[in-house]
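> Contents of query_26.csv (CSV, C-alpha atoms):
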chain,number,residue,atom,x,y,z
A,279,MET,CA,-34.7,-43.5,24.4
A,280,THR,CA,-32.3,-44.9,21.8
A,281,LEU,CA,-35.1,-47.0,20.4
A,282,PHE,CA,-37.4,-44.0,20.3
A,283,LYS,CA,-34.8,-41.9,18.4
A,284,SER,CA,-34.3,-44.7,15.9
A,285,LEU,CA,-38.1,-45.0,15.3
A,286,PHE,CA,-38.4,-41.3,15.0
A,287,SER,CA,-35.5,-41.1,12.5
A,288,ALA,CA,-37.0,-43.9,10.4
A,289,THR,CA,-40.4,-42.2,10.4
A,290,ALA,CA,-38.8,-38.9,9.4
A,291,LEU,CA,-36.9,-40.5,6.6
A,292,ALA,CA,-40.0,-42.3,5.3
A,293,ALA,CA,-41.9,-39.0,5.4
A,294,THR,CA,-39.1,-37.2,3.5
A,295,LEU,CA,-39.0,-40.0,0.8
A,296,PHE,CA,-42.8,-40.0,0.5
A,297,ALA,CA,-42.8,-36.2,0.1
A,298,ALA,CA,-40.1,-36.3,-2.6
A,299,SER,CA,-42.0,-39.1,-4.4
A,300,ALA,CA,-45.3,-37.1,-4.2
A,301,SER,CA,-43.5,-34.0,-5.4
A,302,ALA,CA,-41.9,-35.8,-8.4
A,303,GLU,CA,-45.3,-37.3,-9.3
A,304,GLY,CA,-46.8,-33.8,-9.4
A,305,TYR,CA,-43.9,-32.2,-11.3
A,306,PRO,CA,-44.1,-29.6,-12.6
A,307,GLU,CA,-46.2,-27.7,-10.1
A,308,ARG,CA,-44.9,-24.2,-11.1
A,309,SER,CA,-43.1,-22.5,-13.9
A,310,ILE,CA,-39.7,-23.7,-15.1
A,311,THR,CA,-36.9,-21.3,-15.9
A,312,MET,CA,-34.9,-22.2,-19.1
A,313,VAL,CA,-31.6,-20.3,-18.9
A,314,VAL,CA,-30.1,-19.3,-22.2
A,315,PRO,CA,-26.5,-18.2,-21.7
A,316,PHE,CA,-26.5,-15.6,-24.4
A,317,ALA,CA,-28.4,-12.3,-25.2
A,318,ALA,CA,-32.0,-12.2,-26.3
A,319,GLY,CA,-32.5,-12.2,-30.1
A,320,GLY,CA,-29.5,-14.4,-30.9
A,321,PRO,CA,-29.6,-17.8,-32.6
A,322,THR,CA,-29.6,-19.9,-29.5
A,323,ASP,CA,-32.3,-17.7,-27.9
A,324,THR,CA,-34.4,-18.2,-31.1
A,325,VAL,CA,-34.1,-22.0,-30.7
A,326,ALA,CA,-34.8,-21.9,-27.0
A,327,ARG,CA,-38.0,-19.8,-27.3
A,328,LEU,CA,-39.5,-22.0,-29.9
A,329,VAL,CA,-38.8,-25.1,-27.8
A,330,ALA,CA,-39.9,-23.4,-24.5
A,331,GLU,CA,-43.2,-22.4,-26.0
A,332,SER,CA,-44.0,-25.9,-27.1
A,333,MET,CA,-42.9,-27.5,-23.9
A,334,SER,CA,-45.1,-25.1,-21.9
A,335,LYS,CA,-48.2,-26.4,-23.7
A,336,ASP,CA,-47.2,-30.0,-23.0
A,337,LEU,CA,-46.2,-29.6,-19.4
A,338,GLY,CA,-49.1,-27.4,-18.4
A,339,GLN,CA,-46.7,-24.9,-16.8
A,340,GLN,CA,-44.8,-22.0,-18.4
A,341,VAL,CA,-41.2,-22.6,-19.4
A,342,LEU,CA,-39.8,-19.1,-19.1
A,343,VAL,CA,-36.7,-18.2,-21.0
A,344,GLU,CA,-34.1,-16.2,-19.0
A,345,ASN,CA,-31.1,-14.7,-20.8
A,346,VAL,CA,-28.0,-14.8,-18.7
A,347,GLY,CA,-25.3,-13.7,-21.1
A,348,GLY,CA,-21.6,-13.0,-20.6
A,349,ALA,CA,-18.3,-14.8,-20.6
A,350,GLY,CA,-19.1,-16.9,-23.7
A,351,GLY,CA,-22.0,-18.6,-22.1
A,352,THR,CA,-20.2,-19.7,-18.9
A,353,LEU,CA,-22.1,-17.2,-16.6
A,354,GLY,CA,-25.4,-18.8,-17.6
A,355,ALA,CA,-24.1,-22.3,-17.3
A,356,GLY,CA,-22.6,-21.5,-13.9
A,357,ARG,CA,-25.9,-20.1,-12.8
A,358,VAL,CA,-27.7,-23.4,-13.6
A,359,ALA,CA,-24.9,-25.5,-12.1
A,360,SER,CA,-25.3,-23.8,-8.8
A,361,SER,CA,-29.1,-23.8,-8.8
A,362,GLU,CA,-31.3,-26.1,-6.7
A,363,PRO,CA,-31.5,-29.5,-8.5
A,364,ASP,CA,-35.3,-29.6,-8.4
A,365,GLY,CA,-36.2,-29.6,-12.1
A,366,TYR,CA,-37.3,-26.0,-12.1
A,367,THR,CA,-34.1,-24.6,-13.6
A,368,VAL,CA,-32.8,-25.9,-16.9
A,369,LEU,CA,-30.1,-24.8,-19.3
A,370,LEU,CA,-30.3,-24.7,-23.1
A,371,HIS,CA,-26.7,-24.3,-24.4
A,372,HIS,CA,-24.9,-24.8,-27.6
A,373,ILE,CA,-21.5,-26.3,-28.6
A,374,GLY,CA,-19.9,-23.7,-26.3
A,375,MET,CA,-20.7,-26.0,-23.4
A,376,ALA,CA,-17.9,-28.3,-24.8
A,377,THR,CA,-15.5,-25.7,-26.0
A,378,SER,CA,-15.5,-23.6,-22.8
A,379,ALA,CA,-13.9,-26.5,-21.0
A,380,THR,CA,-10.7,-25.6,-22.9
A,381,LEU,CA,-11.3,-22.0,-23.8
A,382,TYR,CA,-11.5,-20.9,-20.2
A,383,ARG,CA,-8.6,-21.5,-17.8
A,384,LYS,CA,-10.9,-21.2,-14.8
A,385,LEU,CA,-14.6,-22.3,-14.7
A,386,ALA,CA,-16.9,-22.1,-11.7
A,387,TYR,CA,-18.2,-25.6,-12.5
A,388,ASP,CA,-16.9,-28.9,-13.7
A,389,THR,CA,-18.4,-29.2,-17.2
A,390,LEU,CA,-18.8,-33.0,-17.3
A,391,ASN,CA,-19.8,-33.5,-13.6
A,392,ALA,CA,-21.9,-30.4,-12.7
A,393,PHE,CA,-25.0,-31.3,-14.8
A,394,ASP,CA,-27.5,-33.9,-15.6
A,395,TYR,CA,-28.5,-34.4,-19.2
A,396,VAL,CA,-31.9,-34.2,-20.9
A,397,GLY,CA,-31.3,-34.4,-24.6
A,398,LEU,CA,-30.0,-32.9,-27.8
A,399,VAL,CA,-32.3,-30.3,-29.6
A,400,THR,CA,-30.9,-29.5,-33.0
A,401,GLU,CA,-27.6,-29.0,-34.9
A,402,VAL,CA,-27.5,-25.7,-36.8
A,403,PRO,CA,-25.3,-25.5,-39.9
A,404,MET,CA,-22.9,-22.6,-40.2
A,405,THR,CA,-22.4,-20.2,-43.1
A,406,ILE,CA,-19.3,-18.4,-44.3
A,407,VAL,CA,-20.5,-14.9,-45.2
A,408,ALA,CA,-19.0,-11.5,-46.0
A,409,ARG,CA,-20.1,-7.9,-46.6
A,410,LYS,CA,-22.0,-7.8,-49.8
A,411,ASP,CA,-19.3,-5.8,-51.7
A,412,PHE,CA,-16.4,-8.0,-50.7
A,413,GLU,CA,-14.2,-8.8,-53.7
A,414,PRO,CA,-14.0,-12.6,-53.8
A,415,THR,CA,-16.8,-14.3,-55.7
A,416,ASP,CA,-16.6,-17.9,-54.4
A,417,LEU,CA,-15.1,-19.8,-51.6
A,418,LYS,CA,-11.9,-20.8,-53.5
A,419,GLY,CA,-11.4,-17.1,-54.3
A,420,LEU,CA,-12.1,-16.1,-50.7
A,421,VAL,CA,-9.4,-18.5,-49.4
A,422,GLU,CA,-6.9,-17.2,-51.9
A,423,TYR,CA,-7.7,-13.6,-51.1
A,424,VAL,CA,-7.5,-13.9,-47.3
A,425,LYS,CA,-4.2,-15.7,-47.5
A,426,THR,CA,-2.8,-12.9,-49.6
A,427,ASN,CA,-4.3,-10.1,-47.5
A,428,LYS,CA,-4.3,-11.8,-44.1
A,429,ASP,CA,-3.1,-8.6,-42.3
A,430,LYS,CA,-6.0,-6.6,-43.7
A,431,VAL,CA,-9.0,-9.0,-43.7
A,432,THR,CA,-11.1,-8.7,-40.6
A,433,VAL,CA,-13.2,-11.6,-39.2
A,434,ALA,CA,-16.1,-10.6,-36.9
A,435,ASN,CA,-17.4,-12.8,-34.1
A,436,ALA,CA,-19.9,-12.4,-31.3
A,437,GLY,CA,-17.3,-12.8,-28.5
A,438,ILE,CA,-15.1,-15.5,-27.0
A,439,GLY,CA,-16.9,-18.8,-27.0
A,440,ALA,CA,-19.7,-17.7,-29.3
A,441,ALA,CA,-20.5,-20.0,-32.3
A,442,SER,CA,-19.1,-17.4,-34.7
A,443,HIS,CA,-15.8,-17.3,-32.7
A,444,LEU,CA,-15.5,-21.1,-32.8
A,445,CYS,CA,-16.3,-21.3,-36.5
A,446,GLY,CA,-13.9,-18.5,-37.3
A,447,MET,CA,-11.1,-20.4,-35.4
A,448,LEU,CA,-11.8,-23.5,-37.3
A,449,PHE,CA,-11.8,-21.7,-40.7
A,450,MET,CA,-8.4,-20.1,-39.9
A,451,SER,CA,-7.1,-23.6,-38.8
A,452,GLN,CA,-8.4,-25.1,-42.0
A,453,ILE,CA,-6.7,-22.6,-44.3
A,454,GLU,CA,-3.6,-22.4,-42.0
A,455,THR,CA,-3.8,-18.6,-42.0
A,456,PRO,CA,-4.3,-16.3,-38.9
A,457,LEU,CA,-6.6,-13.4,-39.6
A,458,VAL,CA,-7.5,-10.2,-37.7
A,459,THR,CA,-10.4,-11.0,-35.4
A,460,VAL,CA,-12.9,-8.4,-34.2
A,461,PRO,CA,-14.9,-9.6,-31.2
A,462,TYR,CA,-18.3,-8.1,-30.4
A,463,LYS,CA,-20.6,-8.3,-27.4
A,464,GLY,CA,-23.2,-10.4,-29.2
A,465,THR,CA,-24.3,-11.6,-32.6
A,466,GLY,CA,-26.5,-8.5,-33.2
A,467,PRO,CA,-23.7,-5.9,-33.3
A,468,ALA,CA,-21.4,-8.2,-35.2
A,469,MET,CA,-24.0,-8.6,-37.9
A,470,THR,CA,-24.8,-4.9,-37.9
A,471,ASP,CA,-21.1,-4.0,-38.7
A,472,LEU,CA,-20.9,-6.7,-41.3
A,473,LEU,CA,-24.0,-5.2,-43.0
A,474,GLY,CA,-22.4,-1.8,-42.7
A,475,GLY,CA,-19.2,-2.9,-44.2
A,476,GLN,CA,-17.1,-2.2,-41.1
A,477,VAL,CA,-15.8,-5.8,-41.1
A,478,ASP,CA,-15.2,-8.2,-43.9
A,479,ILE,CA,-16.3,-11.8,-43.1
A,480,MET,CA,-18.0,-13.8,-40.5
A,481,CYS,CA,-18.9,-17.5,-39.9
A,482,ASP,CA,-22.2,-17.8,-38.2
A,483,GLN,CA,-25.3,-20.0,-37.8
A,484,THR,CA,-28.0,-20.2,-40.4
A,485,THR,CA,-30.4,-19.1,-37.7
A,486,ASN,CA,-28.7,-15.7,-37.8
A,487,THR,CA,-27.7,-15.4,-41.5
A,488,THR,CA,-30.4,-17.0,-43.6
A,489,LYS,CA,-32.7,-14.0,-43.9
A,490,GLN,CA,-29.8,-11.7,-44.7
A,491,ILE,CA,-28.5,-14.1,-47.4
A,492,GLN,CA,-31.9,-14.4,-48.9
A,493,GLY,CA,-32.3,-10.6,-48.9
A,494,GLY,CA,-28.9,-10.1,-50.6
A,495,THR,CA,-27.6,-7.8,-47.8
A,496,ILE,CA,-24.6,-10.1,-47.2
A,497,LYS,CA,-22.6,-12.4,-49.5
A,498,ALA,CA,-22.6,-16.1,-48.8
A,499,TYR,CA,-19.7,-18.4,-49.8
A,500,ALA,CA,-20.6,-21.7,-48.2
A,501,VAL,CA,-22.6,-23.7,-45.8
A,502,THR,CA,-20.8,-26.1,-43.4
A,503,SER,CA,-23.3,-29.0,-43.8
A,504,PRO,CA,-22.6,-32.2,-45.8
A,505,ALA,CA,-25.2,-31.2,-48.4
A,506,ARG,CA,-26.8,-28.0,-49.6
A,507,LEU,CA,-29.7,-26.7,-47.6
A,508,ASP,CA,-33.2,-26.5,-49.0
A,509,VAL,CA,-33.6,-23.0,-47.6
A,510,LEU,CA,-30.3,-21.8,-49.3
A,511,PRO,CA,-30.2,-24.0,-52.4
A,512,ASP,CA,-27.8,-21.7,-54.3
A,513,VAL,CA,-25.1,-21.7,-51.6
A,514,PRO,CA,-22.5,-24.5,-52.1
A,515,THR,CA,-21.1,-26.6,-49.3
A,516,ALA,CA,-17.7,-25.9,-48.0
A,517,ALA,CA,-16.6,-29.2,-49.5
A,518,GLU,CA,-17.7,-28.1,-52.9
A,519,GLY,CA,-15.6,-25.0,-52.5
A,520,GLY,CA,-12.5,-27.0,-51.6
A,521,LEU,CA,-12.6,-27.2,-47.8
A,522,THR,CA,-13.3,-30.9,-47.6
A,523,ASP,CA,-12.9,-31.3,-43.8
A,524,PHE,CA,-14.8,-28.1,-42.9
A,525,GLN,CA,-18.1,-29.6,-41.6
A,526,VAL,CA,-19.3,-28.1,-38.4
A,527,GLY,CA,-22.7,-27.6,-36.8
A,528,ILE,CA,-23.7,-25.8,-33.7
A,529,TRP,CA,-25.5,-28.4,-31.7
A,530,HIS,CA,-27.8,-27.5,-28.8
A,531,GLY,CA,-28.7,-29.5,-25.7
A,532,VAL,CA,-30.8,-29.2,-22.6
A,533,TYR,CA,-29.2,-29.8,-19.1
A,534,THR,CA,-30.3,-29.6,-15.5
A,535,PRO,CA,-28.2,-29.2,-12.3
A,536,LYS,CA,-26.5,-32.4,-11.0
A,537,GLY,CA,-28.8,-34.3,-8.7
A,538,THR,CA,-32.1,-33.4,-10.4
A,539,PRO,CA,-34.7,-36.2,-9.7
A,540,ALA,CA,-34.8,-38.9,-12.3
A,541,ASP,CA,-38.6,-38.5,-12.7
A,542,ALA,CA,-38.2,-34.8,-13.4
A,543,ILE,CA,-35.6,-35.4,-16.1
A,544,ALA,CA,-37.8,-38.1,-17.6
A,545,LYS,CA,-40.7,-35.6,-17.9
A,546,LEU,CA,-38.5,-32.9,-19.3
A,547,ASN,CA,-37.1,-35.4,-21.8
A,548,ALA,CA,-40.6,-36.6,-22.9
A,549,SER,CA,-41.7,-33.0,-23.3
A,550,LEU,CA,-38.6,-32.0,-25.3
A,551,LYS,CA,-39.2,-35.0,-27.6
A,552,LYS,CA,-42.8,-33.9,-28.1
A,553,ALA,CA,-41.7,-30.3,-28.8
A,554,LEU,CA,-39.3,-31.4,-31.5
A,555,THR,CA,-42.2,-33.1,-33.4
A,556,ASP,CA,-44.4,-30.0,-33.0
A,557,GLU,CA,-45.4,-28.9,-36.5
A,558,ASN,CA,-44.7,-25.2,-35.7
A,559,VAL,CA,-41.2,-26.0,-34.3
A,560,VAL,CA,-40.3,-28.2,-37.3
A,561,ALA,CA,-41.5,-25.5,-39.7
A,562,ARG,CA,-39.7,-22.6,-38.0
A,563,PHE,CA,-36.5,-24.7,-37.7
A,564,ALA,CA,-36.7,-25.4,-41.5
A,565,GLU,CA,-37.1,-21.6,-42.2
A,566,LEU,CA,-33.9,-21.1,-40.2
A,567,GLY,CA,-32.0,-23.8,-42.1
A,568,THR,CA,-32.0,-26.5,-39.5
A,569,ALA,CA,-34.1,-29.4,-38.2
A,570,PRO,CA,-34.9,-31.1,-34.9
A,571,SER,CA,-32.5,-33.8,-33.6
A,572,ALA,CA,-33.5,-37.3,-34.4
A,573,ASP,CA,-35.5,-39.0,-31.7
A,574,ALA,CA,-32.6,-41.4,-30.9
A,575,ASP,CA,-30.5,-38.3,-30.1
A,576,VAL,CA,-33.0,-36.7,-27.8
A,577,THR,CA,-31.8,-38.7,-24.8
A,578,PRO,CA,-29.6,-38.0,-21.8
A,579,GLU,CA,-27.1,-40.7,-23.0
A,580,ALA,CA,-26.8,-39.1,-26.5
A,581,LEU,CA,-26.2,-35.6,-25.1
A,582,LYS,CA,-23.6,-36.8,-22.7
A,583,ALA,CA,-21.7,-38.7,-25.4
A,584,LYS,CA,-21.9,-35.7,-27.7
A,585,LEU,CA,-20.5,-33.4,-25.0
A,586,GLU,CA,-17.6,-35.7,-24.2
A,587,GLY,CA,-16.8,-36.2,-27.9
A,588,GLU,CA,-16.9,-32.5,-28.7
A,589,ILE,CA,-14.6,-31.6,-25.8
A,590,ALA,CA,-12.0,-34.0,-27.2
A,591,ARG,CA,-12.6,-32.7,-30.8
A,592,TRP,CA,-12.2,-29.0,-30.1
A,593,LYS,CA,-9.4,-29.1,-27.5
A,594,PRO,CA,-6.5,-29.3,-30.1
A,595,VAL,CA,-8.2,-26.6,-32.3
A,596,ILE,CA,-8.4,-24.2,-29.4
A,597,GLU,CA,-4.9,-25.0,-28.2
A,598,ALA,CA,-3.4,-24.5,-31.6
A,599,ALA,CA,-5.2,-21.1,-32.0
A,600,GLY,CA,-4.0,-20.1,-28.5
A,601,GLN,CA,-7.1,-18.0,-28.0
A,602,TYR,CA,-8.0,-18.4,-24.3
A,603,ALA,CA,-10.2,-16.5,-21.9
A,604,ASP,CA,-9.6,-15.9,-18.2
Kindly transcribe the structure held in the file into structure tokens.


Amino acid sequence: MTLFKSLFSATALAATLFAASASAEGYPERSITMVVPFAAGGPTDTVARLVAESMSKDLGQQVLVENVGGAGGTLGAGRVASSEPDGYTVLLHHIGMATSATLYRKLAYDTLNAFDYVGLVTEVPMTIVARKDFEPTDLKGLVEYVKTNKDKVTVANAGIGAASHLCGMLFMSQIETPLVTVPYKGTGPAMTDLLGGQVDIMCDQTTNTTKQIQGGTIKAYAVTSPARLDVLPDVPTAAEGGLTDFQVGIWHGVYTPKGTPADAIAKLNASLKKALTDENVVARFAELGTAPSADADVTPEALKAKLEGEIARWKPVIEAAGQYAD
């Protein structure tokens, strides 16, 4: 009987391994859900939908974007962390993946150990902008003005953990001046109030501000990239305006739940790389003031290293600001 049980167990194990191997070979056999941990229509959602459309064509299955907003992106990330690690649920998240590790005192997942990595997608520059009738005419004048009027100047952001919140904190850290922050439930309402003059300034991604800057509906003071952007050639860099250490980009990466089969990750990675060379994706990214990540960065190893480095970089900034979320 013992011998029979042993033979039966070995046969069952072999069958399971064969089935898993066969499944991995056929992957994907159905649609894939790409979770975006922010509202539809925002900058990260725009990036995700462009990438998902291209990956769908390559994989032969739909990559469907699902917006799971709330709690600075941690609800969506938590949803993926607790999903079945079968390659059919992925996460496209931005820099908030790193900063939430310090911003939130309690997370439902272990940031560095709850996910597998697919690769980096893009790094979007930020812009320092204001309502179109705001008094300062350049970045140097803006810094002087907000330091003098720090109790009156309002800084909009899309909520704790949003790119605009992080950039705003870094701006205040750089000029060593705390300002009145006004959090919103998303980028859309924050921009609406900036356009309407209800708030004074905001620091947000080019994917959300470029068209408004080009249309003259908001005033632009600087971009946070090392060089001026082709899409906004008249907007100086922060370094040109005197903030020499103010370089920040909102990078995006693709993750899967921990334990996802290596073959599935490899196929997702290959498809992501192909999407980032898609002429439509490249052109649309350029219109939004960004570009796909270099091929060497579209790897699991590069994304993991980026995440680890950014957690270390932002930890002291967040602790100094003292802006935590429960």

> Work out how far CA of Gln483 (chain A) is from CA of Cys445 (chain A), in Å to one decimal.

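Distance reported for this atom pair: 9.2 Å.
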
> So what do you get for CA of Asp411 (chain A) versus CA of Ala599 (chain A), distance-wise?

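CA of Asp411 (chain A) sits 28.7 Å away from CA of Ala599 (chain A).
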
> State, in Å with one decimal place, the distance from CA of Trp592 (chain A) to CA of Glu401 (chain A).

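A separation of 16.1 Å between them.
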
> Name the residues in contact with Asp523 (chain A) at a cut-off of 12 Å, using all atoms listed in the file, excluding same-chain residues fewer than 3 positions from it; report them as a list in words.

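Surrounding residues, per the criterion: Leu448, Phe449, Ser451, Gln452, Ile453, Thr502, Ser503, Pro504, Thr515, Ala516, Ala517, Glu518, Gly519, Gly520 and Val526 of chain A.
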
> Compile a residue-level contact table for region 310-425 of chain A against region 468-473 of chain A at a cut-off of 9 Å, reporting for every qualifying residue the shortest atom pair and its distance in Å to one decimal, with only C-alpha atoms counted, rows ordered by chain and ascending number, as CSV.


residue,atom,partner,partner_atom,distance
A:Ala408,CA,A:Leu472,CA,7.0
A:Arg409,CA,A:Leu472,CA,5.5
A:Lys410,CA,A:Leu473,CA,7.5

> Show me, as a list in words, the residues that have an atom within 12 Å of Pro467 (chain A) when counting all atoms listed in the file, minus same-chain residues fewer than 3 positions from it.

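The residues that qualify are Ala317, Gly319, Gly320, Ala434, Asn435, Ala436, Gly437, Val460, Pro461, Tyr462, Lys463, Gly464, Thr470, Asp471, Leu472, Leu473, Gly474, Gln476, Val477 and Asn486 of chain A.
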